[in-house]
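What follows is one structure encoded as structure tokens, with my remarks underneath.
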Amino acid sequence: MKNKLIAAPYLVWMVVFILVPLIMVGYFAFTDKEGNFTLDYVADVAQYSQIFVRSIWLAAIATVICLVISYPLAYILTGFSKNTQSTMLMIVMLPMWMNFLLRTYAWMTMLGNNGIINTILGFIGLGPFKMLNTEGAVVLGMVYNYLPYMILPIYSVMVKIDKSVIEAASDLGCNPWKTILRVVFPLSLPGVMSGITMVFVPAISTFIISRMLGGGGNLLIGDLIEMQFLGNAYNVNLGAAISLVLMVIILLIMTIMNQFDNDDGAVLL
Amino acid sequence: MAVLMCGSMFTGCSSETDAVEEEEETEVQTLTVADEEYYKRFYDDGISINVYNWGEYISDGSDEGTLNVNAEFTKLTGIKVNYTNYATNEELYAKLKGGGASYDIIIPSDYMISRMIKEEMILPLDMNNIPNYKYIGEAYKNQAFDPENEYSVPYFWGTVGIIYDTTLIEEENIDWDILWNEDYADRILMFDNPRDAFAIAELRLGYSLNTEDEKELEAAAELLKEQKKVVQAYVMDEIFDKMGAGEALIAPYYAGDAVTLMAEYEDLGFVIPESGTNLFIDGICIPKGAKQKEAAEMYINFLCEPDIAYSNTYYVGYSTPNTAAYEMLDEETKNDGISYLPDEYLMSNTTVFRNLSDEANQKMQDLWTELKSTQDQTKNKWIVPVFMLACVILSITILIMRYIKKKKDIF
């Protein structure tokens with residue numbers, strides 16, 4: 001009873017700021033401007049399938065890159081002493097203290113034709129390369145901004161893995177690579193899964209990164225939704241419909257991903 | 001229109017100390033109002049008004065010798081000003097439409113004013129409370145967006161032209177077609193909003209800037225699609241950085257911002273094409289639901305005070321419709337050929353935006369989305385196949401893992 005009372009403020013928060021907005025998104029998606037039921041807007045989303053595919057594609061690439069960078073890093077981190085670990089974690093977190101927009105803006109000046117990177121390359125006699133306003137720049141922006149969200153969950157799961165399990169594995173004749181593959185990796189999967197979720201979901205719905213680094217010519221779903229609300233047509237219903245479809249797609253992808261998680265969890269148990 | 005998407009500028013208290021320091025060098029502007037009694041009506045009532053304006057669109061006294069408009073207003077009338085910013089007309093519209101916010105003063109542009117009049121989102125003004133309306137030039141009154149001058153008082157106006165790098169572009173008679181010139185491929189910037197972007201295409205095609213004809217809109221979109229190959233990026237306020245850093249060579253933008261930009265970077269030039277352009281007028285309005293309508297009208301009147309309008313013009317860099325403030329400007333500004341244009345040109349070669357029908361707006365938005373989402377076909381070829389392959393691999397892996405799990409369960 002006491003626990004429930006403590007949870008009450010959070011419950012109210014959830015209802016007011018998560019549940020009600022979700023219901024409103026659903027309501028707007030299935031009604032027209034006069035408030036009558038219609039499937040038109042949801043059906044209209046089909047014409048933007050290309051944008052959906054591109055967004056999922058770019059977000060997936062960014063997630064994979066994040067994972068490839070973060071996993072070894074998190075593993076190496078756990079090997080350090082406690083003090084070094086907290087210092088290293090601090091360094092990972094440090095960029096997050098700065099404003100998200102500012103960090104992305106900094107990349108804009110770095111990647112430009114007259115930016116720092118091209119200037120340095122120019123001294124060696126290379127370039128200039130077109131880096132800004134490309135899909136690559138968008139992926140870079142996603143990786144840079146969301147990397148900590150991948151490192152932290154993987155690290156926090158890995159640090160809890162009992163060292164004796166690893167010792168037991170090597171005692172029983174497992175070589176280091178096999179230990180990682182057969183013992184550490186399965187045990188760290190929950191962290192990997194939440195890392196993937198925490199990177200993929202914001203990456204797929206971002207709009208400011210694609211606008212600043214993609215030059216506005218690489219529309220992503222986030223941009224598309226934003227345009228429905230802040231564009232010249234002010235089509236709230238279509239915006240809600242696109243958001244809803246996006247949510248369903250993310251839900252689907254996450255369910256597929258969780259399949260791995262559950263299966264492996266069961267195997268281990 | 002918005003200069004910089006910077007944070008809200010509250011009535012800064014530093015202005016007075018600044019003014020004192022600058023006193024030796026520049027003449028400090030002092031405020032004189034014609035009818036002080038008029039402004040004292042609410043002095044002791046302790047009321048406040050909510051002003052919602054574009055970023056960097058009012059003098060905050062940071063320029064040498066100018067006035068901090070909001071602070072002066074509070075000092076004179078005792079009315080507190082809560083000042084906040086928006087970046088686009090559409091943002092303003094969405095905010096008002098969404099409800100939940102109450103403003104007493106908003107400053108939308110022409111086409112947004114007519115849209116708001118149509119949708120009954122703004123209130124008619126009581127001109128008896130705005131005696132300074134007499135200072136507004138005749139050329140800016142009776143415009144199509146507010147034919148009876150009932151709803152808005154012009155605040156600033158301006159035109160759209162082309163900013164270019166004078167060191168690298170030597171062409172004379174620059175016209176809109178330079179934005180399609182392949183010699184400058186990947187060094188051209190373009191508006192990141194459909195209304196302004198379509199207007200440039202429509203100017204090239206010789207259509208009306210207010211066309212609602214589907215065929216004409218499609219033709220304009222086709223022209224913009226053709227342009228996409230040479231466009232480096234679609235931007236708004238980023239133009240300042242990109243043009244300043246030499247990232248891009250050519251960009252269309254608003255005259256007032258071009259003045260600011262050119263003051264900072266000497267190599268940049270600005271031209272308003274002979275063939276014609278869009279003339280925009282931002283007007284001060286009172287939205288429906290305003291709690292302090294009379295105080296808001298007092299604020300509008302205050303903005304029309306010659307001294308205040310002059311300070312704002314000096315700071316903002318856009319063109320003022322206030323004839324008394326115009327007279328106060330120096331000859332150089334009056335004749336720069338950017339901010340103030342000959343009447344004949346304004347009358348015959350410029351068009352003011354009107355609100356489009358919902359259908360035309362939607363059509364334009366759809367065409368714009370299509371334009372911005374189409375890519376080089378070569379790139380496209382791989383996305384879908386690879387994506388499908390990934391899906392197939394994923395599902396096979398899941399099946400295999402389930403199979404393994406089942407097998408393990410058996411033993």
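By convention in this document, the chains of the structure tokens carry letters A, B, ... by their order, each chain's residues are numbered from 1, and ligands are numbered from 1 in the order they are shown.
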
- prompt: If you count only C-alpha atoms, which residues fall within 10 Å of Met127 in chain B, apart from same-chain ones fewer than 6 positions away, as a ChimeraX atom specification?
  reply: /B:133-134,149-151,153,297,301

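Distance criterion 6 Å to chain A, applied with only C-alpha atoms, yields Glu90, Glu91, Ala233, Tyr234, Asn361, Gln362, Lys372 and Ser373 of chain B on chain B.
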
From a backbone DSSP assignment, name each residue in range 32-178 of chain A labelled alpha helix (DSSP H), as an MDAnalysis selection string.
chainID A and resid 40:44 49:79 82:93 100:111 116:124 135:158 163:171 176:178

**Message:** Applying 8 Å and only C-alpha atoms, which residues near Leu31 in chain B remain after dropping the ones on its own chain fewer than 4 positions away? List them as a list in words.
**Reply:** Leu67, Asp307 and Ile308 of chain B

The residue from A:Val64, A:Val157, A:Leu251, A:Val143 with the smallest atom-to-atom distance to Phe185 in chain A, counting only C-alpha atoms, is A:Val157

task = Please provide as number ranges by chain all residues within 9 Å of Thr320 in chain B, with the sequence filter that same-chain residues fewer than 3 positions apart are discarded (counting only C-alpha atoms).
result = B: 136, 154-158, 309-310, 312-313, 317, 323, 325-326, 339-340

Note to self: List the spatial neighbours of Ile76 in chain A as a list in words - criterion: any atom at most 12 Å away, only C-alpha atoms, same-chain residues fewer than 2 positions off excluded.
What the structure shows: Ile69, Ser70, Tyr71, Pro72, Leu73, Ala74, Thr78, Gly79, Phe80, Ser81, Thr84, Gln85, Met88, Leu89, Ile151, Ile154, Tyr155, Met158, Val159 and Ile180 of chain A

Given the selection you just returned, output its residues as a file containing N, CA, C and O atoms, formatted as a CSV table (one decimal), in the first residue's frame.
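Printed below is again-v5.csv as written:
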```
chain,number,residue,atom,x,y,z
A,69,ILE,N,31.4,0.6,-32.0
A,69,ILE,CA,32.3,1.5,-31.2
A,69,ILE,C,32.1,1.2,-29.7
A,69,ILE,O,33.1,1.1,-29.0
A,70,SER,N,30.9,1.1,-29.3
A,70,SER,CA,30.6,1.1,-27.8
A,70,SER,C,31.0,-0.2,-27.2
A,70,SER,O,31.5,-0.2,-26.0
A,71,TYR,N,30.7,-1.3,-27.9
A,71,TYR,CA,30.9,-2.6,-27.2
A,71,TYR,C,32.3,-2.8,-26.7
A,71,TYR,O,32.5,-3.1,-25.5
A,72,PRO,N,33.3,-2.7,-27.6
A,72,PRO,CA,34.7,-2.9,-27.1
A,72,PRO,C,35.1,-1.9,-26.1
A,72,PRO,O,35.7,-2.2,-25.1
A,73,LEU,N,34.6,-0.7,-26.2
A,73,LEU,CA,34.9,0.4,-25.3
A,73,LEU,C,34.4,0.0,-23.9
A,73,LEU,O,35.1,0.1,-22.9
A,74,ALA,N,33.1,-0.4,-23.9
A,74,ALA,CA,32.5,-0.8,-22.6
A,74,ALA,C,33.3,-1.9,-21.9
A,74,ALA,O,33.5,-2.0,-20.7
A,78,THR,N,35.5,-1.9,-18.3
A,78,THR,CA,35.3,-2.7,-17.1
A,78,THR,C,36.7,-3.3,-16.5
A,78,THR,O,36.7,-3.7,-15.4
A,79,GLY,N,37.7,-3.3,-17.4
A,79,GLY,CA,39.0,-3.9,-16.9
A,79,GLY,C,39.8,-2.9,-16.1
A,79,GLY,O,40.7,-3.3,-15.4
A,80,PHE,N,39.4,-1.6,-16.1
A,80,PHE,CA,40.2,-0.6,-15.4
A,80,PHE,C,39.9,-0.6,-13.9
A,80,PHE,O,38.9,-1.1,-13.5
A,81,SER,N,40.7,0.1,-13.2
A,81,SER,CA,40.4,0.3,-11.8
A,81,SER,C,39.2,1.2,-11.6
A,81,SER,O,38.8,1.9,-12.5
A,84,THR,N,39.7,4.9,-12.4
A,84,THR,CA,39.9,5.2,-13.9
A,84,THR,C,38.5,5.0,-14.5
A,84,THR,O,38.2,5.8,-15.4
A,85,GLN,N,37.8,4.0,-14.1
A,85,GLN,CA,36.4,3.8,-14.7
A,85,GLN,C,35.6,5.1,-14.6
A,85,GLN,O,34.9,5.5,-15.6
A,88,MET,N,36.8,7.8,-16.9
A,88,MET,CA,36.5,7.5,-18.3
A,88,MET,C,35.0,7.8,-18.5
A,88,MET,O,34.6,8.3,-19.6
A,89,LEU,N,34.1,7.3,-17.6
A,89,LEU,CA,32.7,7.5,-17.7
A,89,LEU,C,32.4,9.0,-17.8
A,89,LEU,O,31.6,9.5,-18.6
A,151,ILE,N,26.9,3.4,-24.9
A,151,ILE,CA,28.0,3.0,-24.0
A,151,ILE,C,27.5,2.7,-22.6
A,151,ILE,O,27.8,1.7,-22.0
A,154,ILE,N,25.4,-0.6,-21.9
A,154,ILE,CA,26.3,-1.8,-22.1
A,154,ILE,C,27.3,-1.9,-20.9
A,154,ILE,O,27.4,-2.9,-20.3
A,155,TYR,N,27.8,-0.7,-20.6
A,155,TYR,CA,28.8,-0.7,-19.5
A,155,TYR,C,28.2,-1.1,-18.2
A,155,TYR,O,28.7,-1.9,-17.4
A,158,MET,N,27.7,-4.8,-18.1
A,158,MET,CA,29.0,-5.5,-18.1
A,158,MET,C,29.7,-5.5,-16.8
A,158,MET,O,30.3,-6.4,-16.3
A,159,VAL,N,29.6,-4.3,-16.1
A,159,VAL,CA,30.3,-4.1,-14.9
A,159,VAL,C,29.7,-5.0,-13.8
A,159,VAL,O,30.4,-5.3,-12.8
A,180,ILE,N,34.6,-14.3,-24.4
A,180,ILE,CA,33.8,-13.2,-24.8
A,180,ILE,C,32.6,-13.6,-25.5
A,180,ILE,O,31.4,-13.2,-25.2
```

note - CA of Lys95 in chain B and CA of Asn36 in chain A are separated by 23.4 Å

> So which residues touch Asp177 in chain B within 10 Å, counting only C-alpha atoms, skipping near sequence neighbours fewer than 3 positions away, as number ranges by chain?
Replying inline: B: 174, 180-181, 200-201, 203-204, 227, 273

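Distances to Pro202 in chain A were evaluated for A:Arg103, A:Met96, A:Lys33, A:Ser55 using only C-alpha atoms, and the minimum falls at A:Ser55.
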
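Here CA of Ala144 in chain B and CA of Asn355 in chain B stand 9.7 Å from one another.
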
Do a neighbour search on Val139 in chain A at 8 Å with only C-alpha atoms, toss out local chain neighbours closer than 6 positions, and write the hits as JSON, numbers by chain. {"A": [58, 59, 61, 62]}
